[in-house]
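Chemist: My structure is stored as data05.cif, with mmCIF, C-alpha atoms and all ligand atoms.
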data_query
loop_
_atom_site.label_atom_id
_atom_site.label_comp_id
_atom_site.auth_asym_id
_atom_site.auth_seq_id
_atom_site.Cartn_x
_atom_site.Cartn_y
_atom_site.Cartn_z
CA MET A 251 -34.58 -37.66 90.37
CA LYS A 252 -37.85 -37.14 88.53
CA ILE A 253 -40.50 -39.68 89.51
CA ILE A 254 -42.30 -41.20 86.53
CA ASP A 255 -45.52 -42.49 88.04
CA LEU A 256 -47.18 -44.96 85.69
CA ARG A 257 -49.34 -46.71 88.31
CA SER A 258 -52.56 -45.01 87.24
CA ASP A 259 -54.02 -41.95 85.55
CA THR A 260 -55.58 -41.15 88.93
CA VAL A 261 -52.22 -39.77 90.09
CA THR A 262 -52.54 -36.71 87.82
CA LEU A 263 -52.39 -33.37 89.58
CA PRO A 264 -54.65 -30.43 88.72
CA THR A 265 -53.27 -28.17 85.97
CA PRO A 266 -52.36 -24.53 86.77
CA LYS A 267 -55.55 -23.48 84.98
CA MET A 268 -57.59 -25.81 87.19
CA ARG A 269 -55.99 -24.37 90.34
CA GLU A 270 -56.80 -20.86 89.17
CA ALA A 271 -60.40 -21.81 88.37
CA MET A 272 -60.70 -23.49 91.77
CA SER A 273 -59.57 -20.44 93.68
CA ASN A 274 -61.93 -18.13 91.76
CA ALA A 275 -64.98 -20.44 91.72
CA LYS A 276 -68.35 -18.98 92.67
CA LEU A 277 -69.81 -21.20 95.38
CA GLY A 278 -73.05 -22.07 97.13
CA ASP A 279 -74.66 -24.96 98.97
CA ASP A 280 -75.07 -27.74 96.42
CA VAL A 281 -77.45 -29.77 98.58
CA PHE A 282 -79.83 -26.80 98.10
CA GLY A 283 -78.90 -26.80 94.38
CA GLU A 284 -77.25 -23.40 94.84
CA ASP A 285 -73.65 -23.91 93.77
CA PRO A 286 -73.41 -22.15 90.38
CA THR A 287 -70.14 -23.85 89.46
CA ILE A 288 -71.52 -27.33 90.11
CA ASN A 289 -74.71 -26.46 88.24
CA ARG A 290 -72.60 -25.36 85.27
CA LEU A 291 -70.45 -28.52 85.39
CA GLU A 292 -73.60 -30.65 85.47
CA GLU A 293 -75.08 -28.79 82.50
CA ILE A 294 -71.89 -29.22 80.45
CA SER A 295 -71.71 -32.91 81.39
CA ALA A 296 -75.31 -33.59 80.38
CA GLU A 297 -74.85 -31.69 77.13
CA LYS A 298 -71.59 -33.49 76.23
CA THR A 299 -72.99 -36.96 76.89
CA GLY A 300 -76.39 -36.25 75.31
CA LYS A 301 -78.32 -36.91 78.51
CA GLN A 302 -81.07 -34.83 80.11
CA ALA A 303 -79.32 -34.38 83.44
CA ALA A 304 -76.09 -34.94 85.35
CA MET A 305 -74.89 -34.94 88.95
CA LEU A 306 -71.46 -34.50 90.53
CA VAL A 307 -70.39 -37.29 92.88
CA PRO A 308 -67.21 -37.71 94.95
CA SER A 309 -65.84 -40.76 93.13
CA GLY A 310 -66.39 -43.22 90.32
CA THR A 311 -67.07 -45.96 92.85
CA MET A 312 -69.84 -43.91 94.46
CA GLY A 313 -71.21 -43.00 91.02
CA ASN A 314 -71.50 -46.65 89.97
CA LEU A 315 -73.00 -47.57 93.33
CA ILE A 316 -75.55 -44.76 93.15
CA CYS A 317 -76.63 -46.01 89.72
CA SER A 318 -77.02 -49.63 90.80
CA LEU A 319 -78.85 -48.64 94.01
CA THR A 320 -81.14 -46.31 92.07
CA HIS A 321 -81.99 -48.87 89.39
CA CYS A 322 -82.28 -51.96 91.59
CA GLY A 323 -84.07 -53.08 94.72
CA ARG A 324 -82.94 -55.71 97.23
CA GLY A 325 -82.73 -59.16 95.66
CA ASP A 326 -82.54 -57.79 92.11
CA GLU A 327 -79.77 -59.10 89.90
CA VAL A 328 -77.17 -57.21 87.88
CA ILE A 329 -75.36 -58.80 84.94
CA LEU A 330 -71.76 -57.61 84.65
CA GLY A 331 -68.31 -58.72 83.50
CA ASN A 332 -66.05 -60.88 85.66
CA GLN A 333 -63.25 -58.39 84.92
CA SER A 334 -65.39 -55.31 85.48
CA HIS A 335 -64.34 -52.67 87.97
CA MET A 336 -67.80 -52.80 89.53
CA PHE A 337 -67.38 -56.50 90.28
CA TYR A 338 -63.66 -56.59 90.97
CA TYR A 339 -62.67 -53.38 92.70
CA GLU A 340 -65.68 -51.75 94.34
CA ALA A 341 -65.65 -53.71 97.59
CA GLY A 342 -68.88 -55.52 96.73
CA GLY A 343 -70.78 -52.28 97.38
CA MET A 344 -73.92 -53.24 95.49
CA ALA A 345 -74.28 -56.41 97.58
CA ALA A 346 -73.08 -54.88 100.85
CA LEU A 347 -75.33 -51.83 100.73
CA GLY A 348 -78.10 -52.70 98.29
CA GLY A 349 -78.68 -56.44 98.65
CA ILE A 350 -78.11 -56.60 94.89
CA HIS A 351 -77.01 -59.91 93.43
CA PRO A 352 -74.15 -59.74 90.89
CA HIS A 353 -74.36 -62.27 88.04
CA ILE A 354 -70.98 -62.35 86.35
CA ILE A 355 -70.29 -63.15 82.72
CA THR A 356 -66.82 -63.74 81.29
CA ASN A 357 -65.23 -60.68 79.74
CA GLN A 358 -63.59 -61.70 76.46
CA PRO A 359 -59.98 -60.52 75.95
CA ASP A 360 -61.34 -57.53 73.98
CA GLY A 361 -63.34 -56.40 77.02
CA LYS A 362 -66.74 -57.38 75.66
CA MET A 363 -69.18 -59.85 77.14
CA LEU A 364 -70.67 -62.08 74.45
CA LEU A 365 -74.22 -60.98 73.79
CA SER A 366 -75.22 -64.65 73.75
CA ASP A 367 -73.77 -65.03 77.27
CA ILE A 368 -75.70 -62.00 78.48
CA ASP A 369 -78.84 -63.31 76.84
CA SER A 370 -78.58 -66.68 78.56
CA ALA A 371 -77.85 -65.03 81.91
CA VAL A 372 -81.16 -63.16 81.94
CA ARG A 373 -83.47 -64.93 84.38
CA GLY A 374 -86.89 -66.21 83.50
CA ASP A 375 -89.96 -65.53 85.60
CA ASP A 376 -89.55 -68.16 88.28
CA VAL A 377 -89.96 -67.85 92.02
CA HIS A 378 -86.57 -69.52 92.54
CA PHE A 379 -84.65 -66.80 90.70
CA PRO A 380 -83.61 -63.28 91.54
CA ARG A 381 -85.12 -60.74 89.16
CA THR A 382 -82.67 -59.55 86.50
CA ARG A 383 -82.84 -55.78 86.40
CA LEU A 384 -79.64 -54.25 85.01
CA ILE A 385 -76.77 -54.92 82.59
CA CYS A 386 -73.46 -53.06 83.14
CA LEU A 387 -70.85 -52.32 80.48
CA GLU A 388 -67.42 -50.77 81.08
CA ASN A 389 -65.82 -48.53 78.45
CA THR A 390 -62.86 -48.45 78.30
CA GLN A 391 -62.45 -51.83 79.96
CA ASN A 392 -59.67 -51.34 82.52
CA ARG A 393 -58.65 -54.94 83.30
CA CYS A 394 -58.87 -55.94 79.63
CA GLY A 395 -56.11 -53.47 78.72
CA GLY A 396 -58.11 -50.27 78.40
CA SER A 397 -59.95 -51.82 75.48
CA VAL A 398 -62.66 -49.93 73.66
CA LEU A 399 -66.27 -50.98 73.11
CA GLU A 400 -67.61 -49.64 69.80
CA PRO A 401 -71.01 -47.92 69.54
CA GLU A 402 -72.49 -50.84 67.57
CA TYR A 403 -71.70 -53.24 70.43
CA CYS A 404 -73.13 -50.85 73.06
CA ASP A 405 -76.27 -50.37 70.98
CA SER A 406 -76.70 -54.14 70.56
CA ALA A 407 -76.32 -54.70 74.31
CA ALA A 408 -78.90 -51.99 74.92
CA ALA A 409 -81.29 -53.55 72.39
CA LEU A 410 -80.87 -56.89 74.18
CA ALA A 411 -81.58 -55.19 77.52
CA LYS A 412 -84.67 -53.54 76.10
CA ARG A 413 -85.94 -56.81 74.63
CA HIS A 414 -85.89 -58.29 78.13
CA GLY A 415 -87.25 -55.15 79.84
CA LEU A 416 -83.88 -54.46 81.51
CA LEU A 417 -81.82 -51.30 82.00
CA LEU A 418 -78.28 -50.60 80.82
CA HIS A 419 -75.65 -48.84 82.96
CA LEU A 420 -72.32 -47.72 81.52
CA ASP A 421 -69.23 -47.49 83.74
CA GLY A 422 -67.59 -44.88 81.56
CA ALA A 423 -64.80 -43.96 83.98
CA ARG A 424 -62.65 -43.49 80.83
CA ILE A 425 -65.40 -42.97 78.25
CA PHE A 426 -63.59 -39.97 76.74
CA ASN A 427 -60.52 -42.16 76.14
CA ALA A 428 -62.81 -44.50 74.19
CA ALA A 429 -64.33 -41.66 72.15
CA VAL A 430 -60.90 -40.16 71.37
CA ALA A 431 -59.49 -43.58 70.38
CA LEU A 432 -62.45 -44.19 68.05
CA ARG A 433 -62.40 -40.55 66.86
CA ILE A 434 -66.14 -40.23 67.42
CA ASP A 435 -68.47 -37.99 69.42
CA VAL A 436 -68.84 -39.51 72.89
CA LYS A 437 -72.62 -39.33 72.47
CA LYS A 438 -72.43 -42.33 70.14
CA LEU A 439 -71.08 -44.35 73.06
CA THR A 440 -73.51 -43.03 75.65
CA ARG A 441 -76.73 -42.83 73.62
CA SER A 442 -77.87 -46.35 74.45
CA ALA A 443 -77.19 -46.24 78.21
CA ASP A 444 -79.95 -45.57 80.73
CA SER A 445 -77.30 -44.32 83.14
CA LEU A 446 -73.67 -43.40 82.81
CA MET A 447 -70.81 -42.62 85.19
CA PHE A 448 -67.63 -40.93 84.00
CA CYS A 449 -64.58 -39.75 85.95
CA LEU A 450 -63.07 -36.27 85.94
CA SER A 451 -60.18 -37.39 88.11
CA LYS A 452 -58.43 -39.86 85.81
CA GLY A 453 -56.96 -38.93 82.41
CA LEU A 454 -58.84 -35.62 82.49
CA SER A 455 -56.64 -34.62 85.46
CA ALA A 456 -59.17 -33.02 87.79
CA PRO A 457 -58.28 -33.65 91.44
CA VAL A 458 -61.63 -35.11 92.56
CA GLY A 459 -65.00 -36.03 91.16
CA SER A 460 -67.09 -38.13 88.84
CA ILE A 461 -70.38 -37.49 87.10
CA VAL A 462 -73.58 -39.54 86.92
CA CYS A 463 -75.77 -38.86 83.87
CA GLY A 464 -79.19 -40.02 82.73
CA SER A 465 -82.78 -38.88 82.29
CA SER A 466 -84.01 -36.01 84.50
CA GLU A 467 -86.19 -38.47 86.37
CA PHE A 468 -83.30 -40.86 86.97
CA VAL A 469 -80.92 -38.15 88.15
CA ALA A 470 -83.56 -36.72 90.52
CA GLU A 471 -83.86 -40.16 92.10
CA ALA A 472 -80.07 -40.61 92.06
CA ARG A 473 -79.77 -37.37 94.11
CA ARG A 474 -81.72 -39.08 96.88
CA THR A 475 -79.40 -42.09 96.69
CA ARG A 476 -76.36 -39.79 96.81
CA LYS A 477 -77.80 -38.21 99.97
CA ILE A 478 -78.28 -41.62 101.55
CA LEU A 479 -74.62 -42.38 100.92
CA GLY A 480 -73.51 -39.04 102.35
CA GLY A 481 -72.33 -37.81 98.97
CA GLY A 482 -73.92 -34.34 99.08
CA MET A 483 -70.91 -32.06 99.18
CA ARG A 484 -72.07 -28.45 99.86
CA GLN A 485 -69.56 -25.92 98.39
CA ALA A 486 -67.98 -28.50 96.09
CA GLY A 487 -67.84 -25.88 93.35
CA VAL A 488 -64.15 -25.69 94.30
CA ILE A 489 -63.71 -29.11 92.71
CA ALA A 490 -66.37 -28.64 90.02
CA ALA A 491 -64.36 -25.67 88.73
CA ALA A 492 -61.49 -28.04 87.94
CA GLY A 493 -64.00 -30.43 86.36
CA ILE A 494 -65.15 -27.72 83.95
CA VAL A 495 -61.55 -27.12 82.83
CA ALA A 496 -61.19 -30.91 82.48
CA LEU A 497 -64.16 -31.13 80.12
CA GLU A 498 -63.29 -28.01 78.16
CA GLU A 499 -59.55 -28.52 77.73
CA MET A 500 -58.37 -32.00 78.59
CA ILE A 501 -60.35 -34.34 76.35
CA ASP A 502 -58.63 -33.96 72.98
CA ARG A 503 -55.17 -34.28 74.48
CA LEU A 504 -55.96 -37.86 75.62
CA ALA A 505 -54.77 -38.81 72.11
CA GLU A 506 -51.21 -38.02 73.28
CA ASP A 507 -51.57 -40.48 76.17
CA HIS A 508 -52.68 -43.13 73.69
CA ILE A 509 -49.65 -42.51 71.45
CA ASN A 510 -47.34 -42.65 74.48
CA ALA A 511 -48.95 -45.92 75.62
CA LYS A 512 -48.52 -47.46 72.18
CA ASN A 513 -44.87 -46.39 71.99
CA LEU A 514 -44.28 -47.76 75.47
CA ALA A 515 -45.87 -51.07 74.46
CA VAL A 516 -43.86 -51.35 71.24
CA GLY A 517 -40.67 -50.60 73.20
CA ILE A 518 -41.52 -53.27 75.79
CA SER A 519 -42.16 -55.82 73.03
CA ARG A 520 -38.48 -55.37 72.00
CA ILE A 521 -37.07 -56.07 75.48
CA ASP A 522 -35.85 -59.62 76.11
CA GLY A 523 -37.71 -61.34 78.89
CA LEU A 524 -40.89 -59.25 78.66
CA SER A 525 -43.99 -60.03 76.68
CA ILE A 526 -46.84 -57.81 75.55
CA ASP A 527 -49.55 -57.93 72.90
CA THR A 528 -49.13 -54.50 71.33
CA SER A 529 -52.24 -54.95 69.19
CA LYS A 530 -54.32 -54.84 72.39
CA VAL A 531 -53.14 -51.35 73.31
CA GLN A 532 -55.95 -49.04 72.20
CA THR A 533 -55.92 -46.31 74.83
CA ASN A 534 -53.74 -45.35 77.83
CA ILE A 535 -53.49 -48.65 79.74
CA ILE A 536 -50.94 -51.37 79.05
CA TYR A 537 -50.35 -54.73 80.68
CA PHE A 538 -47.18 -56.76 80.21
CA ASP A 539 -45.71 -59.94 81.63
CA LEU A 540 -42.38 -61.37 82.64
CA VAL A 541 -41.79 -64.24 80.21
CA GLU A 542 -42.18 -67.67 81.80
CA ASP A 543 -38.79 -69.10 80.79
CA ASN A 544 -36.97 -65.97 81.93
CA ARG A 545 -38.01 -66.09 85.54
CA HIS A 546 -34.57 -65.53 87.02
CA MET A 547 -36.08 -62.08 87.47
CA THR A 548 -38.69 -61.93 90.23
CA ASP A 549 -41.58 -59.48 90.31
CA GLU A 550 -39.96 -57.88 93.34
CA GLN A 551 -36.64 -57.40 91.52
CA LEU A 552 -38.34 -55.78 88.54
CA LEU A 553 -40.33 -53.43 90.78
CA THR A 554 -37.33 -52.53 92.92
CA GLY A 555 -35.06 -52.00 89.90
CA LEU A 556 -37.57 -49.61 88.37
CA ASN A 557 -38.36 -47.87 91.64
CA GLU A 558 -34.64 -47.22 92.15
CA ARG A 559 -34.69 -45.48 88.77
CA GLY A 560 -37.71 -43.36 89.76
CA ILE A 561 -40.32 -45.38 87.89
CA LYS A 562 -43.51 -46.58 89.53
CA LEU A 563 -45.85 -49.23 88.11
CA LEU A 564 -48.37 -51.74 89.43
CA ASN A 565 -47.78 -55.45 89.92
CA LEU A 566 -51.20 -57.04 89.42
CA GLY A 567 -50.44 -60.68 89.94
CA PRO A 568 -47.60 -63.09 89.40
CA ALA A 569 -45.39 -61.76 86.57
CA HIS A 570 -48.16 -59.37 85.48
CA PHE A 571 -47.68 -55.58 85.44
CA ARG A 572 -49.66 -52.48 84.52
CA MET A 573 -48.60 -49.06 83.32
CA VAL A 574 -50.95 -46.17 82.55
CA THR A 575 -50.01 -43.03 80.62
CA HIS A 576 -51.47 -39.63 81.50
CA TYR A 577 -51.03 -35.85 81.47
CA ASP A 578 -47.90 -35.93 83.63
CA ILE A 579 -46.12 -38.45 81.38
CA SER A 580 -44.22 -37.08 78.38
CA SER A 581 -42.70 -38.88 75.38
CA VAL A 582 -39.29 -38.31 77.04
CA ASP A 583 -40.59 -40.14 80.13
CA ILE A 584 -41.52 -43.07 77.87
CA ASP A 585 -37.94 -43.21 76.53
CA THR A 586 -36.56 -43.00 80.08
CA THR A 587 -38.87 -45.81 81.19
CA LEU A 588 -37.82 -48.04 78.29
CA THR A 589 -34.13 -47.43 78.99
CA ALA A 590 -34.69 -48.27 82.66
CA LEU A 591 -36.65 -51.44 81.81
CA THR A 592 -33.91 -52.57 79.44
CA GLU A 593 -31.25 -52.00 82.11
CA VAL A 594 -33.23 -53.79 84.81
CA MET A 595 -33.94 -56.78 82.54
CA LYS A 596 -30.24 -57.05 81.68
CA GLY A 597 -29.50 -57.01 85.39
CA ALA A 598 -27.39 -53.89 84.85
C1 LIG B 601 -63.33 -48.63 85.07
C2 LIG B 601 -63.37 -47.95 86.39
N1 LIG B 601 -64.55 -47.70 86.96
C3 LIG B 601 -64.66 -47.08 88.14
C4 LIG B 601 -63.54 -46.64 88.81
C5 LIG B 601 -63.69 -46.01 90.18
O1 LIG B 601 -63.30 -44.70 90.23
P1 LIG B 601 -62.83 -44.05 91.64
O2 LIG B 601 -61.41 -44.45 91.83
O3 LIG B 601 -63.00 -42.58 91.39
O4 LIG B 601 -63.73 -44.55 92.71
C6 LIG B 601 -62.27 -46.88 88.26
C7 LIG B 601 -61.05 -46.44 88.98
O5 LIG B 601 -59.93 -46.69 88.58
C8 LIG B 601 -62.19 -47.55 87.02
O6 LIG B 601 -61.00 -47.84 86.45
#
As a first step, turn the structure in this file into structure tokens.

Modeler:
Amino acid sequence: MKIIDLRSDTVTLPTPKMREAMSNAKLGDDVFGEDPTINRLEEISAEKTGKQAAMLVPSGTMGNLICSLTHCGRGDEVILGNQSHMFYYEAGGMAALGGIHPHIITNQPDGKMLLSDIDSAVRGDDVHFPRTRLICLENTQNRCGGSVLEPEYCDSAAALAKRHGLLLHLDGARIFNAAVALRIDVKKLTRSADSLMFCLSKGLSAPVGSIVCGSSEFVAEARRTRKILGGGMRQAGVIAAAGIVALEEMIDRLAEDHINAKNLAVGISRIDGLSIDTSKVQTNIIYFDLVEDNRHMTDEQLLTGLNERGIKLLNLGPAHFRMVTHYDISSVDIDTTLTALTEVMKGA
């Protein structure tokens, strides 16, 4: 039985071209700046995102942490969304390791924080308050359904930050999904950020790695922070080689994942007992619910029924489920998933 793994786009395996590039990669010691493949990946990343410099890091979590630790000192405050990955899923790293105080603002259903909420969260100059230092955006916004922040919103948030003398960090784990969904150059989404993290190991299918981008000065400082965290990886050109293939060949095809996600969502909306807002599906992430008055079906039964049919998904809370489309999911897999869901919901 073929396994259709819709838990996350992080489950993607490297493509044959990536494996070939990995085995042929020219290598050196990256902590001495001597790995030519990493240097090339960093150049391409900086060029694509319109930033002066870029740096390979082991994971998105470490990339975000490096940015907050580089921008902020102990006792500084970061404004970020209550549904943001940095707040929700990164083990409180900024507080645990940096003594940084998170100030959370409600993410609206479309993934944005209201600019007025951000504005009122900025602290005044008072000895009682932590010093506000950084605002963090997330694009696409994972927990808000992979929703997309448009360039105008990002620019307005950056202008607000600037007005208050603050910095703007962008968790762009899936920034290329946002750019593809909006059909714009990714630079329009990154231009206003002082720092940016994006992942190679999600929809772009590389096995490992994320990239931190920013000014040359910022990235030089971020290299020190990476060293502190033990993130200097020596001959990591073996993974950077896959990252180069990811950036050169895997961005445009994200549009297929978005079409598959939309078709999956529309199919789910037609299944009795399930509910989904199809208008919220903009990229490759969908969330759906078991309908309240149809709760003869438990979360466990739905998961087990699908697992028995080779389909994996995430249960993110009572009656709440997530599916993510990616390179290893075809349109046929979407049809198979919808047939399985229909069967399971009918109790077949
Ligand atoms: C929005 C967002 N930011 C950051 C990360 C962290 O990436 P990693 O799993 O590489 O640490 C993720 C992972 O899913 C994510 O969805």

Chemist: Residues of chain A that have any atom at most 6 Å from an atom of ligand LIG 601 (chain B): could you tabulate them with the shortest-distance atom pair and the distance in Å to one decimal, using all atoms listed in the file, ordered by chain and increasing number, as CSV?

Modeler:
residue,atom,partner,partner_atom,distance
A:Ser309,CA,B:LIG601,O3,3.8
A:Gly310,CA,B:LIG601,O1,3.4
A:Thr311,CA,B:LIG601,O4,3.6
A:His335,CA,B:LIG601,C2,5.1
A:Asn392,CA,B:LIG601,C1,5.2
A:Asp421,CA,B:LIG601,N1,5.7
A:Ala423,CA,B:LIG601,N1,4.8

Chemist: Which residue gives the smallest distance to Asp543 of chain A among A:Gln333, A:Ser318, A:Ser525, A:Asn513, with all atoms listed in the file counted?

Modeler: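 Of all the options, A:Ser525 lies closest to Asp543 of chain A.
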
Chemist: From the options A:Gly349, A:Gly278, A:Pro264, A:Gly396, which residue's atoms come nearest to Met573 of chain A, counting only C-alpha atoms?

Modeler: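 For Met573 of chain A, the nearest of the given residues is A:Gly396.
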
Chemist: At most 8 Å from (-63.4, -55.5, 85.1), file frame, all atoms listed in the file: which residues, as a PyMOL selection string?

Modeler: chain A and resi 331-339+357+388+391-394

Chemist: Taking into account all atoms listed in the file, which residue in the set A:Asp527, A:Asp405, A:Asp585, A:Glu400 is nearest to Ile425 of chain A?

Modeler: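 Going through A:Asp527, A:Asp405, A:Asp585, A:Glu400 one by one, the smallest distance to Ile425 of chain A is for A:Glu400.
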
Chemist: Taking only C-alpha atoms into account, which of A:Leu330, A:Leu479, A:Val531, A:Val541 comes nearest Asp360 of chain A?

Modeler: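 Of A:Leu330, A:Leu479, A:Val531, A:Val541, the one nearest Asp360 of chain A is A:Val531, counting only C-alpha atoms.
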
Chemist: Show me, as JSON lines, the residues of segment 355-454 of chain A having an atom within 10 Å of segment 280-304 of chain A, each with the closest atom pair and its distance in Å, using all atoms listed in the file.

Modeler:
{"residue": "A:Ile425", "atom": "CA", "partner": "A:Thr299", "partner_atom": "CA", "distance": 9.8}
{"residue": "A:Phe426", "atom": "CA", "partner": "A:Thr299", "partner_atom": "CA", "distance": 9.9}
{"residue": "A:Asp435", "atom": "CA", "partner": "A:Lys298", "partner_atom": "CA", "distance": 8.7}
{"residue": "A:Val436", "atom": "CA", "partner": "A:Thr299", "partner_atom": "CA", "distance": 6.3}
{"residue": "A:Lys437", "atom": "CA", "partner": "A:Thr299", "partner_atom": "CA", "distance": 5.0}
{"residue": "A:Lys438", "atom": "CA", "partner": "A:Thr299", "partner_atom": "CA", "distance": 8.6}
{"residue": "A:Leu439", "atom": "CA", "partner": "A:Thr299", "partner_atom": "CA", "distance": 8.5}
{"residue": "A:Thr440", "atom": "CA", "partner": "A:Thr299", "partner_atom": "CA", "distance": 6.2}
{"residue": "A:Arg441", "atom": "CA", "partner": "A:Gly300", "partner_atom": "CA", "distance": 6.8}
{"residue": "A:Ala443", "atom": "CA", "partner": "A:Lys301", "partner_atom": "CA", "distance": 9.4}
{"residue": "A:Asp444", "atom": "CA", "partner": "A:Lys301", "partner_atom": "CA", "distance": 9.1}
{"residue": "A:Ser445", "atom": "CA", "partner": "A:Lys301", "partner_atom": "CA", "distance": 8.8}
{"residue": "A:Leu446", "atom": "CA", "partner": "A:Thr299", "partner_atom": "CA", "distance": 8.8}
{"residue": "A:Met447", "atom": "CA", "partner": "A:Ala304", "partner_atom": "CA", "distance": 9.3}
{"residue": "A:Phe448", "atom": "CA", "partner": "A:Ser295", "partner_atom": "CA", "distance": 9.4}

Chemist: Nearest to Leu387 of chain A: which of A:Pro401, A:Pro359, A:Gly374, A:Gly422 is it, counting all atoms listed in the file?

Modeler: A:Gly422

Chemist: Hey, what's within 7 Å of Met272 of chain A if we count all atoms listed in the file and toss same-chain stuff fewer than 6 positions away? As a PyMOL selection string, please?

Modeler: chain A and resi 488-489+491-492

Chemist: Just checking: using all atoms listed in the file, which residue out of A:Ala511, A:Ala486, A:Leu553, A:Ala428 ends up closest to Ala275 of chain A?

Modeler: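 Of A:Ala511, A:Ala486, A:Leu553, A:Ala428, the one nearest Ala275 of chain A is A:Ala486, counting all atoms listed in the file.
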
Chemist: Can you measure atom CA of Gly342 of chain A to atom CA of Ala496 of chain A for me? One decimal in Å is fine.

Modeler: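 Calculated distance between atom CA of Gly342 of chain A and atom CA of Ala496 of chain A is 29.5 Å.
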
Chemist: Residues around (-48.6, -41.1, 80.8), cut-off 10 Å, counting only C-alpha atoms - what are they as an NGL selection string?

Modeler: :A and (254-259 or 262 or 453 or 504 or 506-511 or 514 or 534-535 or 573-581 or 583-584)

Chemist: Interatomic distance between atom CA of Leu588 of chain A and atom CA of Val261 of chain A?

Modeler: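 Interatomic distance, atom CA of Leu588 of chain A to atom CA of Val261 of chain A: 20.4 Å.
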
Chemist: Provide the atom CA of Glu327 of chain A to atom CA of Cys404 of chain A distance in Å, to one decimal place.

Modeler: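 Separation of atom CA of Glu327 of chain A and atom CA of Cys404 of chain A: 19.9 Å.
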
Chemist: If we count only C-alpha atoms, what is near Leu319 of chain A at a cut-off of 9 Å, once residues fewer than 3 positions away on the same chain are taken out, given as a ChimeraX atom specification?

Modeler: /A:314-316,322-324,344,347-348,350,472,475
